[in-house]
file entry-v5.txt (compact mmCIF, C-alpha atoms)
# COMPACT_ATOMS: atom_id res chain seq x y z
CA MET A 1 14.93 -110.17 182.55
CA LEU A 2 18.68 -110.16 183.20
CA SER A 3 21.11 -110.44 180.34
CA SER A 4 23.52 -113.37 180.51
CA ASP A 5 26.31 -111.01 181.59
CA LYS A 6 24.25 -109.58 184.41
CA ARG A 7 23.10 -113.04 185.36
CA ALA A 8 26.70 -114.19 185.60
CA THR A 9 27.50 -111.09 187.66
CA PHE A 10 24.61 -111.73 190.00
CA THR A 11 25.67 -115.37 190.39
CA ARG A 12 29.05 -114.08 191.57
CA VAL A 13 27.36 -111.57 193.87
CA ALA A 14 25.22 -114.33 195.35
CA SER A 15 28.26 -116.50 195.83
CA ASP A 16 30.24 -113.66 197.46
CA HIS A 17 27.55 -112.63 199.92
CA GLN A 18 25.43 -115.68 200.66
CA ALA A 19 27.44 -116.74 203.71
CA ASP A 20 27.27 -113.29 205.30
CA LEU A 21 23.57 -112.98 204.52
CA TYR A 22 23.02 -116.36 206.14
CA ARG A 23 24.98 -115.33 209.24
CA TYR A 24 23.03 -112.10 209.53
CA ALA A 25 19.74 -113.97 209.03
CA TYR A 26 20.75 -116.53 211.62
CA ARG A 27 21.64 -113.89 214.19
CA LEU A 28 18.38 -112.12 213.43
CA THR A 29 16.13 -115.19 213.71
CA GLY A 30 18.16 -117.58 215.84
CA ARG A 31 17.10 -120.42 213.54
CA ALA A 32 19.12 -122.24 210.90
CA ASP A 33 16.12 -123.24 208.76
CA ARG A 34 14.66 -119.73 208.79
CA ALA A 35 18.06 -118.24 208.07
CA GLU A 36 18.41 -120.39 204.97
CA GLU A 37 14.92 -119.49 203.77
CA LEU A 38 15.56 -115.79 204.30
CA THR A 39 18.89 -115.97 202.49
CA GLN A 40 17.28 -117.75 199.59
CA GLU A 41 14.29 -115.38 199.41
CA THR A 42 16.66 -112.43 199.52
CA LEU A 43 18.85 -113.66 196.70
CA LEU A 44 15.84 -114.57 194.58
CA ARG A 45 14.45 -111.08 195.04
CA GLY A 46 17.90 -109.68 194.35
CA PHE A 47 18.09 -111.75 191.17
CA GLU A 48 14.79 -110.31 189.98
CA GLN A 49 15.59 -106.73 190.88
CA TYR A 50 19.31 -106.63 190.13
CA SER A 51 18.93 -104.69 186.90
CA LYS A 52 17.34 -101.89 188.93
CA LEU A 53 20.28 -101.57 191.32
CA ARG A 54 21.90 -98.22 190.57
CA ASN A 55 25.06 -98.56 192.60
CA PRO A 56 26.55 -102.09 192.34
CA GLU A 57 29.18 -101.18 194.95
CA ARG A 58 26.38 -101.05 197.51
CA VAL A 59 25.02 -104.45 196.63
CA LYS A 60 25.65 -105.94 200.06
CA PHE A 61 23.84 -103.10 201.81
CA TRP A 62 21.01 -103.53 199.31
CA LEU A 63 20.76 -107.28 199.94
CA ILE A 64 20.85 -106.87 203.72
CA ARG A 65 18.04 -104.37 203.41
CA ILE A 66 15.97 -106.84 201.37
CA LEU A 67 16.63 -109.55 203.93
CA ARG A 68 15.57 -107.34 206.80
CA ASN A 69 12.36 -106.43 204.94
CA PHE A 70 11.52 -110.10 204.51
CA PHE A 71 12.22 -110.66 208.19
CA LEU A 72 9.92 -107.79 209.17
CA GLN A 73 7.20 -109.14 206.86
CA ASP A 74 7.43 -112.43 208.73
CA LYS A 75 7.16 -110.63 212.03
CA ARG A 76 4.04 -108.84 210.83
CA PHE A 77 2.62 -112.17 209.68
CA GLU A 78 3.32 -113.65 213.11
CA LYS A 79 1.54 -110.76 214.76
CA SER A 80 -1.57 -111.31 212.69
CA HIS A 81 -1.33 -115.12 213.05
CA PRO A 82 -0.22 -115.54 216.66
CA HIS A 83 -0.41 -119.35 216.61
CA GLN A 84 2.00 -119.74 213.70
CA THR A 85 5.15 -118.56 215.39
CA MET A 86 8.27 -118.34 213.26
CA ASP A 87 10.52 -116.52 215.66
CA GLY A 88 10.39 -117.04 219.39
CA ALA A 89 12.58 -114.04 219.97
CA THR A 90 9.85 -111.84 221.34
CA GLU A 91 9.00 -114.10 224.27
CA PRO A 92 9.26 -112.10 227.51
CA VAL A 93 12.55 -112.76 229.26
CA ASP A 94 13.22 -112.69 232.94
CA PRO A 95 16.21 -110.37 233.27
CA GLN A 96 17.29 -112.22 236.41
CA SER A 97 17.41 -115.55 234.67
CA THR A 98 20.81 -117.07 234.04
CA ILE A 99 22.06 -118.33 230.73
CA PRO A 100 23.03 -121.99 230.56
CA ASP A 101 26.65 -123.00 230.48
CA ALA A 102 28.74 -121.71 227.61
CA THR A 103 29.49 -125.15 226.30
CA ASP A 104 25.82 -125.99 225.83
CA VAL A 105 24.41 -123.09 223.91
CA ASP A 106 25.32 -120.13 221.78
CA ILE A 107 25.14 -117.57 224.60
CA LEU A 108 25.32 -114.66 222.27
CA GLN A 109 22.28 -115.89 220.37
CA VAL A 110 20.33 -116.26 223.61
CA VAL A 111 21.06 -112.62 224.44
CA LEU A 112 20.32 -111.42 220.91
CA ASP A 113 16.99 -113.23 221.00
CA GLU A 114 16.12 -111.24 224.09
CA LEU A 115 16.63 -107.94 222.31
CA PRO A 116 13.79 -106.33 220.35
CA GLU A 117 14.54 -106.08 216.63
CA ILE A 118 15.17 -102.33 216.77
CA TYR A 119 18.22 -103.11 218.95
CA ARG A 120 19.09 -106.49 217.47
CA THR A 121 19.60 -105.36 213.88
CA PRO A 122 21.99 -102.47 214.64
CA ILE A 123 24.08 -104.49 217.07
CA ILE A 124 24.47 -107.37 214.60
CA LEU A 125 25.41 -105.03 211.76
CA TYR A 126 27.74 -103.08 214.04
CA TYR A 127 29.73 -106.20 214.84
CA PHE A 128 29.64 -107.55 211.32
CA ASP A 129 31.75 -104.55 210.58
CA ASP A 130 30.50 -103.87 207.07
CA LEU A 131 28.19 -100.93 207.62
CA ASP A 132 28.83 -97.70 209.45
CA TYR A 133 26.35 -95.83 211.65
CA ARG A 134 25.09 -93.85 208.66
CA ASP A 135 24.36 -97.04 206.70
CA ILE A 136 22.56 -98.64 209.62
CA ALA A 137 20.55 -95.47 210.18
CA ASP A 138 19.61 -95.37 206.46
CA MET A 139 18.58 -98.99 206.52
CA MET A 140 16.41 -98.58 209.58
CA GLU A 141 15.14 -95.20 208.42
CA VAL A 142 15.92 -93.46 211.68
CA PRO A 143 18.28 -90.59 212.54
CA ILE A 144 21.91 -91.46 213.17
CA GLY A 145 21.59 -90.28 216.79
CA THR A 146 18.83 -92.80 217.37
CA ILE A 147 21.05 -95.57 216.04
CA MET A 148 23.89 -94.52 218.32
CA SER A 149 21.68 -94.53 221.38
CA ARG A 150 20.14 -97.89 220.40
CA LEU A 151 23.61 -99.33 219.93
CA ALA A 152 24.72 -98.01 223.29
CA ARG A 153 21.72 -99.64 224.96
CA ALA A 154 22.18 -102.87 223.08
CA LYS A 155 25.85 -103.04 224.00
CA GLU A 156 25.01 -102.34 227.60
CA LYS A 157 22.55 -105.21 227.54
CA LEU A 158 25.08 -107.52 225.92
CA ARG A 159 27.71 -106.67 228.51
CA GLU A 160 25.33 -107.20 231.37
CA ARG A 161 24.31 -110.65 230.11
CA LEU A 162 27.65 -111.78 228.75
CA ASP A 163 29.86 -110.75 231.67
CA PRO A 164 29.29 -114.04 233.54
CA HIS A 165 30.61 -115.82 230.42
CA ALA A 166 33.58 -113.53 229.88
CA GLU A 167 36.10 -116.32 230.18
CA SER A 168 34.46 -118.65 227.68
CA LEU A 169 33.93 -115.80 225.23
CA GLY A 170 37.51 -114.63 225.58
CA PHE A 171 37.21 -111.30 227.37
CA LEU A 172 37.34 -110.30 231.00
CA PRO A 173 34.95 -107.80 232.56
CA GLU A 174 36.24 -104.54 233.90
CA ARG A 175 36.01 -105.57 237.52
CA ALA A 176 38.33 -108.54 236.87
CA ASN A 177 41.06 -106.06 236.03
CA GLY A 178 40.57 -104.23 239.29
CA VAL A 179 39.36 -101.08 237.57
CA LYS A 180 36.45 -99.10 238.89
CA PRO A 181 33.45 -98.94 236.61
CA MET B 1 40.17 -84.47 227.79
CA LYS B 2 38.05 -85.60 230.74
CA CYS B 3 37.54 -89.24 231.66
CA GLU B 4 33.79 -88.93 230.98
CA THR B 5 34.38 -87.63 227.45
CA THR B 6 36.98 -90.30 226.85
CA ARG B 7 34.59 -93.07 227.79
CA LEU B 8 31.81 -91.57 225.70
CA LEU B 9 34.10 -91.44 222.66
CA LEU B 10 35.28 -94.98 223.28
CA SER B 11 31.72 -96.26 223.54
CA LEU B 12 30.82 -94.56 220.25
CA HIS B 13 33.85 -95.81 218.37
CA GLU B 14 33.01 -97.76 215.25
CA PRO B 15 35.15 -100.86 214.76
CA GLY B 16 37.48 -100.50 211.80
CA ARG B 17 36.61 -96.83 211.22
CA THR B 18 39.39 -94.34 210.76
CA ALA B 19 38.98 -90.61 211.28
CA LYS B 20 37.44 -88.86 208.31
CA SER B 21 37.03 -85.25 209.37
CA PRO B 22 39.47 -82.82 211.03
CA GLU B 23 37.23 -82.84 214.13
CA GLU B 24 37.42 -86.62 214.34
CA THR B 25 41.20 -86.52 213.89
CA ARG B 26 41.49 -83.97 216.70
CA ASP B 27 39.27 -86.09 218.95
CA GLU B 28 41.33 -89.18 218.21
CA GLN B 29 44.56 -87.38 219.06
CA SER B 30 43.13 -86.04 222.33
CA LEU B 31 41.80 -89.47 223.14
CA ALA B 32 45.15 -91.13 222.47
CA LEU B 33 46.92 -88.56 224.64
CA HIS B 34 44.46 -89.04 227.50
CA LEU B 35 44.87 -92.80 227.33
CA THR B 36 48.62 -92.51 227.80
CA GLU B 37 48.08 -90.38 230.90
CA CYS B 38 45.10 -92.09 232.58
CA PRO B 39 45.55 -95.77 233.56
CA GLU B 40 41.87 -96.20 234.43
CA CYS B 41 40.67 -95.01 231.04
CA ARG B 42 43.40 -97.06 229.39
CA ALA B 43 42.18 -100.17 231.19
CA PHE B 44 38.60 -99.28 230.20
CA SER B 45 39.67 -98.85 226.58
CA GLU B 46 41.54 -102.14 226.51
CA GLU B 47 38.68 -104.00 228.13
CA ASN B 48 36.23 -102.36 225.72
CA ALA B 49 38.37 -103.47 222.78
CA ARG B 50 38.59 -107.01 224.18
CA PHE B 51 34.82 -107.12 224.58
CA ASP B 52 34.23 -105.84 221.03
CA ALA B 53 36.71 -108.31 219.58
CA ALA B 54 35.19 -111.24 221.51
CA VAL B 55 31.60 -110.36 220.58
CA GLY B 56 32.66 -109.69 216.98
CA ARG B 57 34.22 -113.15 216.80
CA ALA B 58 31.20 -114.80 218.41
CA MET B 59 28.78 -112.87 216.19
CA PHE B 60 30.53 -114.15 213.10
CA ALA B 61 30.87 -117.73 214.35
CA VAL B 62 27.75 -119.05 212.69
CA PRO B 63 28.31 -122.34 210.86
CA VAL B 64 27.07 -121.93 207.31
CA PRO B 65 25.52 -125.12 205.89
CA ALA B 66 27.73 -126.74 203.26
CA HIS B 67 24.79 -127.11 200.89
CA LEU B 68 23.77 -123.42 201.04
CA GLY B 69 25.45 -122.49 197.76
CA THR B 70 23.95 -125.45 195.97
CA SER B 71 20.42 -124.86 197.21
CA ILE B 72 20.62 -121.18 196.27
CA SER B 73 21.98 -122.03 192.83
CA ILE B 74 19.13 -124.48 192.31
CA ALA B 75 16.55 -121.92 193.40
CA LEU B 76 18.04 -119.21 191.18
CA GLU B 77 18.20 -121.57 188.24
CA ALA B 78 14.60 -122.67 188.82
CA ARG B 79 13.51 -119.04 188.85
CA ARG B 80 15.48 -118.31 185.68
CA VAL B 81 14.04 -121.34 183.88
CA ALA B 82 10.51 -120.42 184.95
CA ARG B 83 10.98 -116.90 183.58
CA VAL B 84 12.49 -118.15 180.33
CA ARG B 85 9.56 -120.51 179.89
CA ARG B 86 7.07 -117.73 180.48
CA ARG B 87 8.88 -115.62 177.91
CA VAL B 88 9.14 -118.46 175.40
CA TRP B 89 5.45 -119.28 175.65
CA SER B 90 4.55 -115.65 175.31
CA GLY B 91 6.84 -115.49 172.24
CA VAL B 92 5.32 -118.65 170.83
CA GLY B 93 1.88 -117.12 171.12
CA ILE B 94 2.94 -113.99 169.27
CA ALA B 95 4.80 -115.96 166.60
CA ALA B 96 1.87 -118.30 166.06
CA SER B 97 -0.48 -115.36 165.64
CA ALA B 98 1.89 -113.77 163.14
CA LEU B 99 2.19 -116.96 161.13
CA LEU B 100 -1.55 -117.38 160.99
CA ALA B 101 -1.99 -113.77 159.96
CA ILE B 102 0.34 -113.97 156.97
CA GLY B 103 -0.72 -117.49 156.07
CA LEU B 104 2.71 -119.06 156.08
CA THR B 105 2.80 -122.73 155.25
CA VAL B 106 6.43 -123.40 156.09
CA PRO B 107 6.72 -126.27 158.57
CA ILE B 108 7.56 -124.84 161.97
CA VAL B 109 8.29 -128.15 163.68
CA GLY B 110 11.98 -128.93 163.96
CA GLU B 111 14.85 -126.74 164.90
CA VAL B 112 16.82 -124.80 162.31
CA THR B 113 20.44 -125.14 163.30
CA GLN B 114 23.39 -123.06 162.24
CA ALA B 115 27.04 -124.04 162.76
CA LYS B 116 28.43 -121.87 165.54
CA LYS B 117 31.89 -120.52 165.97
CA VAL B 118 33.52 -122.16 168.98
CA ASP B 119 34.08 -119.74 171.84
CA PRO B 120 36.64 -121.43 174.17
CA SER B 121 35.97 -118.91 176.97
CA VAL B 122 32.42 -120.26 177.28
CA PHE B 123 33.78 -123.76 177.84
CA VAL B 124 36.35 -122.54 180.34
CA ALA B 125 33.74 -120.60 182.31
CA TYR B 126 31.41 -123.59 182.33
CA SER B 127 34.18 -125.94 183.51
CA LEU B 128 35.20 -123.63 186.34
CA ASN B 129 31.60 -123.14 187.38
CA ALA B 130 30.92 -126.89 187.27
CA GLU B 131 34.00 -127.57 189.40
CA SER B 132 32.89 -125.10 192.04
CA ASP B 133 29.29 -126.32 191.97
CA PRO B 134 29.05 -130.09 191.59
CA PHE B 135 25.32 -129.93 190.98
CA GLN B 136 25.63 -127.56 188.04
CA GLU B 137 25.90 -130.26 185.37
CA THR B 138 23.01 -132.21 186.81
CA ARG B 139 20.93 -129.07 186.86
CA ASP B 140 21.76 -128.39 183.23
CA TRP B 141 20.92 -131.96 182.35
CA LEU B 142 17.61 -131.76 184.24
CA GLU B 143 16.82 -128.62 182.31
CA THR B 144 17.26 -130.51 179.04
CA GLN B 145 14.75 -133.00 180.44
CA GLY B 146 12.29 -130.20 181.12
CA VAL B 147 12.62 -130.65 184.87
CA THR B 148 12.99 -128.01 187.54
CA PHE B 149 14.11 -130.08 190.49
CA MET B 150 12.17 -128.67 193.44
CA PRO B 151 11.06 -131.53 195.71
CA THR B 152 9.40 -130.65 198.98
CA GLU B 153 11.94 -132.81 200.78
CA ALA B 154 15.44 -131.33 201.02
CA PHE B 155 17.54 -134.10 199.50
CA ASP B 156 21.22 -134.01 200.31
CA LEU B 157 22.62 -133.66 196.82
CA THR B 158 26.18 -134.03 198.03
CA LEU B 159 25.32 -137.76 198.14
CA MET B 160 24.56 -137.82 194.44
CA THR B 161 26.67 -140.21 192.41
CA GLY B 162 25.10 -139.65 189.00
CA HIS B 163 22.06 -139.17 186.83
CA SER B 164 20.57 -140.83 183.79
CA THR B 165 17.33 -141.53 181.99
CA ALA B 166 15.61 -144.80 182.70
CA ARG B 167 13.25 -146.37 180.17
CA LEU B 168 10.33 -147.46 182.32
CA GLN B 169 6.77 -148.33 181.26
CA ARG B 170 7.71 -147.10 177.79
CA GLN B 171 8.59 -143.68 179.13
CA SER B 172 11.91 -141.92 179.53
CA VAL B 173 12.18 -141.11 183.22
CA PRO B 174 14.93 -138.79 184.52
CA MET B 175 16.62 -140.32 187.54
CA LEU B 176 19.18 -139.23 190.14
CA ARG B 177 21.33 -141.71 192.06
CA LEU B 178 22.27 -141.05 195.68
CA ARG B 179 24.54 -143.17 197.84
CA HIS B 180 25.38 -142.79 201.53
CA THR B 181 28.64 -144.68 201.80
CA GLN B 182 28.90 -144.53 205.60
CA LYS B 183 25.40 -145.88 206.14
CA GLN B 184 25.71 -148.20 203.15
CA VAL B 185 22.36 -147.23 201.67
CA PHE B 186 21.35 -145.96 198.26
CA ALA B 187 18.41 -144.15 196.71
CA ARG B 188 17.16 -143.49 193.23
CA ILE B 189 14.94 -140.50 192.67
CA TYR B 190 12.69 -140.84 189.63
CA VAL B 191 11.09 -137.70 188.27
CA LEU B 192 7.54 -138.48 187.19
CA LYS B 193 5.58 -136.06 185.03
CA SER B 194 1.82 -135.94 184.73
CA GLU B 195 2.09 -135.99 180.94
CA HIS B 196 3.54 -139.50 181.20
CA PHE B 197 2.05 -140.93 184.38
CA ASP B 198 -1.24 -140.75 186.20
CA LEU B 199 -0.04 -138.88 189.27
CA LYS B 200 -3.51 -138.19 190.63
CA ASN B 201 -4.03 -141.82 191.53
CA LEU B 202 -0.54 -142.38 192.84
CA LYS B 203 -0.94 -142.69 196.59
CA PRO B 204 1.85 -143.23 199.11
CA GLU B 205 0.05 -146.19 200.70
CA SER B 206 0.03 -147.99 197.37
CA LEU B 207 3.79 -147.94 197.31
CA ILE B 208 4.55 -151.06 199.29
CA THR B 209 7.46 -153.21 198.30
CA GLU B 210 8.28 -156.79 199.11
CA TYR B 211 11.83 -156.65 197.81
CA GLY B 212 13.66 -155.26 200.82
CA VAL B 213 13.64 -151.71 199.58
CA GLN B 214 11.41 -148.82 200.49
CA ILE B 215 9.46 -146.50 198.26
CA ALA B 216 8.52 -142.92 199.05
CA LEU B 217 6.57 -140.37 197.12
CA VAL B 218 7.68 -136.75 197.33
CA ALA B 219 5.71 -133.87 195.88
CA ASP B 220 7.15 -131.05 193.81
CA ALA B 221 7.11 -127.67 195.50
CA LEU B 222 6.37 -125.68 192.36
CA GLN B 223 4.12 -128.01 190.39
CA PRO B 224 2.59 -130.55 192.76
CA ASP B 225 -0.02 -131.59 190.18
CA LYS B 226 2.44 -132.02 187.36
CA VAL B 227 5.60 -133.42 188.88
CA ALA B 228 6.26 -135.99 191.60
CA TYR B 229 9.37 -137.79 192.79
CA LEU B 230 9.28 -141.50 193.36
CA VAL B 231 12.17 -142.53 195.56
CA VAL B 232 13.34 -146.13 195.79
CA TYR B 233 15.80 -146.54 198.62
CA THR B 234 17.40 -148.89 201.09
CA GLY B 235 17.75 -148.36 204.82
CA ASP B 236 15.24 -147.57 207.52
CA SER B 237 14.05 -144.20 206.37
CA LEU B 238 14.42 -141.46 203.83
CA GLU B 239 16.17 -139.37 206.50
CA ALA B 240 19.58 -140.72 205.46
CA PHE B 241 19.20 -138.89 202.14
CA LEU B 242 17.97 -135.60 203.50
CA ARG B 243 20.02 -132.62 204.56
CA THR B 244 20.69 -132.32 208.24
CA TRP B 245 20.62 -129.04 210.10
CA THR B 246 23.38 -128.24 212.51
CA ALA B 247 22.49 -125.88 215.29
CA ALA B 248 24.98 -123.11 215.81
call {"tool": "encode", "arguments": {"input": "entry-v5.txt", "output": "structure tokens"}}
result
Amino acid sequence: MLSSDKRATFTRVASDHQADLYRYAYRLTGRADRAEELTQETLLRGFEQYSKLRNPERVKFWLIRILRNFFLQDKRFEKSHPHQTMDGATEPVDPQSTIPDATDVDILQVVLDELPEIYRTPIILYYFDDLDYRDIADMMEVPIGTIMSRLARAKEKLRERLDPHAESLGFLPERANGVKP
Amino acid sequence: MKCETTRLLLSLHEPGRTAKSPEETRDEQSLALHLTECPECRAFSEENARFDAAVGRAMFAVPVPAHLGTSISIALEARRVARVRRRVWSGVGIAASALLAIGLTVPIVGEVTQAKKVDPSVFVAYSLNAESDPFQETRDWLETQGVTFMPTEAFDLTLMTGHSTARLQRQSVPMLRLRHTQKQVFARIYVLKSEHFDLKNLKPESLITEYGVQIALVADALQPDKVAYLVVYTGDSLEAFLRTWTAA
């Protein structure tokens, strides 16, 4: 049981990180309702386990790790209960298919949904800018080299799919600058 | 430095990371020098940075629901209350056993109170917390009523205009008031407990009104057999009082 001081501290921690946890959960699942559930489950677990956290400075890393574990549990549940889908992200995608117009959908989410989780998690965390390669590798329990190669592949995939939407996203592909690839 | 090496280093660059080791510092210096000399790699670097910045912005652009903080606070509070209750009951069991063992005859009903020294910081902290979380006071009040508010429907508590206890059928019933000013509808959520009302025989189809208002029955997520929410509301459906999800 947390003391009132620790409870107050955790309330502040929850308040500081809930928005980022939600964003991460949303990018991971592509669903607002699931993102909220995951955020809530994560903070509840964090609340229960907070007294066991040894390094409070790493609390965000710790919470993201809890969230990812919940997400993976869901994925395992889906696998064993194929009719009760919670995340449509693993549907096979035709690489030749085009993404609808930028104004209609969150293009980035469409592309993230196409990526398997082993690529999706590192690329989300990479762009959220809070964790370095070492942290991401620790979280995913793989060597740092594996993370770097997964990130390179994920970025390649993002570029390939997002290039047609460069203007709406605010960047121009290399070829638009007249530079050879 | 060769163009190939330059592009490899650029592709491995971590946003926001500054060089930590002498090797990294050397690499960064060589990279910077190469970029001043090679227009193609410079264009690649700039385009790479534009892409990273654009994807970074898009990645972060997820609208966070306004009620997220409130719903998390409610869930955390519910968990805390549930744990306190478990601990209290466990303590009560131990205390009762002890009293029986030593044969005490002192009345144990009624609370022994002791005048407390006022701690202004507690009041300040509570006020600040209540200002940042409008549902805090209601949650505290519900706790005094022995209620953990966990309906299976996600009510939009930003519509709440107040709470009170209604004396109905000779029972004190906690009640929340919701009002949707734009849609000009209101709702009252009554918290019914099985210790006061026969919830087993309370069926939704029996809740028909002839007075121009609707009645809905909502179960409790934690204690569906012990707590239910009877909602009296105006308007076409309960939807007006539920949270809406905005797709990103």
call {"tool": "residues_around", "arguments": {"input": "entry-v5.txt", "residues": "range 12-17 of chain A", "least_positions_apart": "4", "cutoff": "12 Å", "atoms": "only C-alpha atoms", "output": "PyMOL selection string"}}
result
(chain A and resi 5-8+21-24+39-47+50+56-64+130) or (chain B and resi 64+68-73+75-76+129+132-133)
call {"tool": "interface_residues", "arguments": {"input": "entry-v5.txt", "of": "chain B", "to": "chain A", "cutoff": "6 Å", "atoms": "only C-alpha atoms", "output": "number ranges by chain"}}
result
B: 50-51, 54, 56, 62, 72
call {"tool": "residues_around", "arguments": {"input": "entry-v5.txt", "residues": "His163 in chain B", "least_positions_apart": "5", "cutoff": "10 Å", "atoms": "only C-alpha atoms", "output": "list of chain:residue names"}}
result
B:Glu137, B:Thr138, B:Trp141, B:Leu142, B:Pro174, B:Met175, B:Leu176, B:Arg177, B:Leu178, B:Arg188, B:Ile189, B:Tyr190
call {"tool": "closest_residue", "arguments": {"input": "entry-v5.txt", "among": "A:Thr9, A:Asn69, A:Thr146, A:Asn55", "to": "Tyr119 in chain A", "atoms": "all atoms listed in the file"}}
result
A:Thr146
call {"tool": "atom_distance", "arguments": {"input": "entry-v5.txt", "atom1": "CA of Val111 in chain A", "atom2": "CA of Arg34 in chain A"}}
result
18.3 Å
call {"tool": "residues_around", "arguments": {"input": "entry-v5.txt", "residues": "range 218-229 of chain B", "least_positions_apart": "6", "cutoff": "6 Å", "atoms": "only C-alpha atoms", "output": "list in words"}}
result
Met150, Pro151, Thr152, Tyr190, Val191, Leu192, Lys193 and Ser194 of chain B
call {"tool": "atom_distance", "arguments": {"input": "entry-v5.txt", "atom1": "CA of Ala187 in chain B", "atom2": "CA of Val232 in chain B"}}
result
5.5 Å
call {"tool": "residues_around", "arguments": {"input": "entry-v5.txt", "residues": "Thr181 in chain B", "least_positions_apart": "5", "cutoff": "12 Å", "atoms": "all atoms listed in the file", "output": "list in words"}}
result
Thr158, Leu159, Met160, Thr161, Phe186, Ala187, Gly235, Ala240 and Phe241 of chain B
call {"tool": "write_last_selection", "arguments": {"input": "entry-v5.txt", "atoms": "C-alpha atoms", "output": "PDB file, keeping the file's coordinate frame"}}
result
ATOM      1  CA  THR B 158      26.180-134.030 198.030  1.00  0.00           C
ATOM      2  CA  LEU B 159      25.320-137.760 198.140  1.00  0.00           C
ATOM      3  CA  MET B 160      24.560-137.820 194.440  1.00  0.00           C
ATOM      4  CA  THR B 161      26.670-140.210 192.410  1.00  0.00           C
ATOM      5  CA  PHE B 186      21.350-145.960 198.260  1.00  0.00           C
ATOM      6  CA  ALA B 187      18.410-144.150 196.710  1.00  0.00           C
ATOM      7  CA  GLY B 235      17.750-148.360 204.820  1.00  0.00           C
ATOM      8  CA  ALA B 240      19.580-140.720 205.460  1.00  0.00           C
ATOM      9  CA  PHE B 241      19.200-138.890 202.140  1.00  0.00           C
TER      10      PHE B 241
END
call {"tool": "atom_distance", "arguments": {"input": "entry-v5.txt", "atom1": "CA of Ala154 in chain A", "atom2": "CA of Val55 in chain B"}}
result
12.3 Å
call {"tool": "build_atoms", "arguments": {"input": "entry-v5.txt", "residues": "range 108-119 of chain A", "atoms": "N, CA and C atoms", "output": "mmCIF file, in the frame of the given file"}}
result
data_model
loop_
_atom_site.group_PDB
_atom_site.id
_atom_site.type_symbol
_atom_site.label_atom_id
_atom_site.label_comp_id
_atom_site.auth_asym_id
_atom_site.auth_seq_id
_atom_site.Cartn_x
_atom_site.Cartn_y
_atom_site.Cartn_z
ATOM 1 N N LEU A 108 25.574 -115.906 222.971
ATOM 2 C CA LEU A 108 25.320 -114.660 222.270
ATOM 3 C C LEU A 108 23.942 -114.673 221.623
ATOM 4 N N GLN A 109 23.577 -115.811 221.030
ATOM 5 C CA GLN A 109 22.280 -115.890 220.370
ATOM 6 C C GLN A 109 21.143 -115.760 221.392
ATOM 7 N N VAL A 110 21.350 -116.364 222.557
ATOM 8 C CA VAL A 110 20.330 -116.260 223.610
ATOM 9 C C VAL A 110 20.090 -114.779 223.933
ATOM 10 N N VAL A 111 21.177 -114.042 224.079
ATOM 11 C CA VAL A 111 21.060 -112.620 224.440
ATOM 12 C C VAL A 111 20.456 -111.820 223.280
ATOM 13 N N LEU A 112 20.886 -112.136 222.069
ATOM 14 C CA LEU A 112 20.320 -111.420 220.910
ATOM 15 C C LEU A 112 18.816 -111.670 220.807
ATOM 16 N N ASP A 113 18.420 -112.901 221.071
ATOM 17 C CA ASP A 113 16.990 -113.230 221.000
ATOM 18 C C ASP A 113 16.163 -112.434 222.015
ATOM 19 N N GLU A 114 16.832 -112.030 223.076
ATOM 20 C CA GLU A 114 16.120 -111.240 224.090
ATOM 21 C C GLU A 114 15.897 -109.798 223.654
ATOM 22 N N LEU A 115 16.714 -109.352 222.715
ATOM 23 C CA LEU A 115 16.630 -107.940 222.310
ATOM 24 C C LEU A 115 15.511 -107.742 221.280
ATOM 25 N N PRO A 116 14.742 -106.664 221.418
ATOM 26 C CA PRO A 116 13.790 -106.330 220.350
ATOM 27 C C PRO A 116 14.544 -106.044 219.051
ATOM 28 N N GLU A 117 13.864 -106.205 217.932
ATOM 29 C CA GLU A 117 14.540 -106.080 216.630
ATOM 30 C C GLU A 117 15.198 -104.724 216.439
ATOM 31 N N ILE A 118 14.594 -103.672 216.973
ATOM 32 C CA ILE A 118 15.170 -102.330 216.770
ATOM 33 C C ILE A 118 16.569 -102.221 217.398
ATOM 34 N N TYR A 119 16.869 -103.085 218.369
ATOM 35 C CA TYR A 119 18.220 -103.110 218.950
ATOM 36 C C TYR A 119 19.061 -104.222 218.313
#
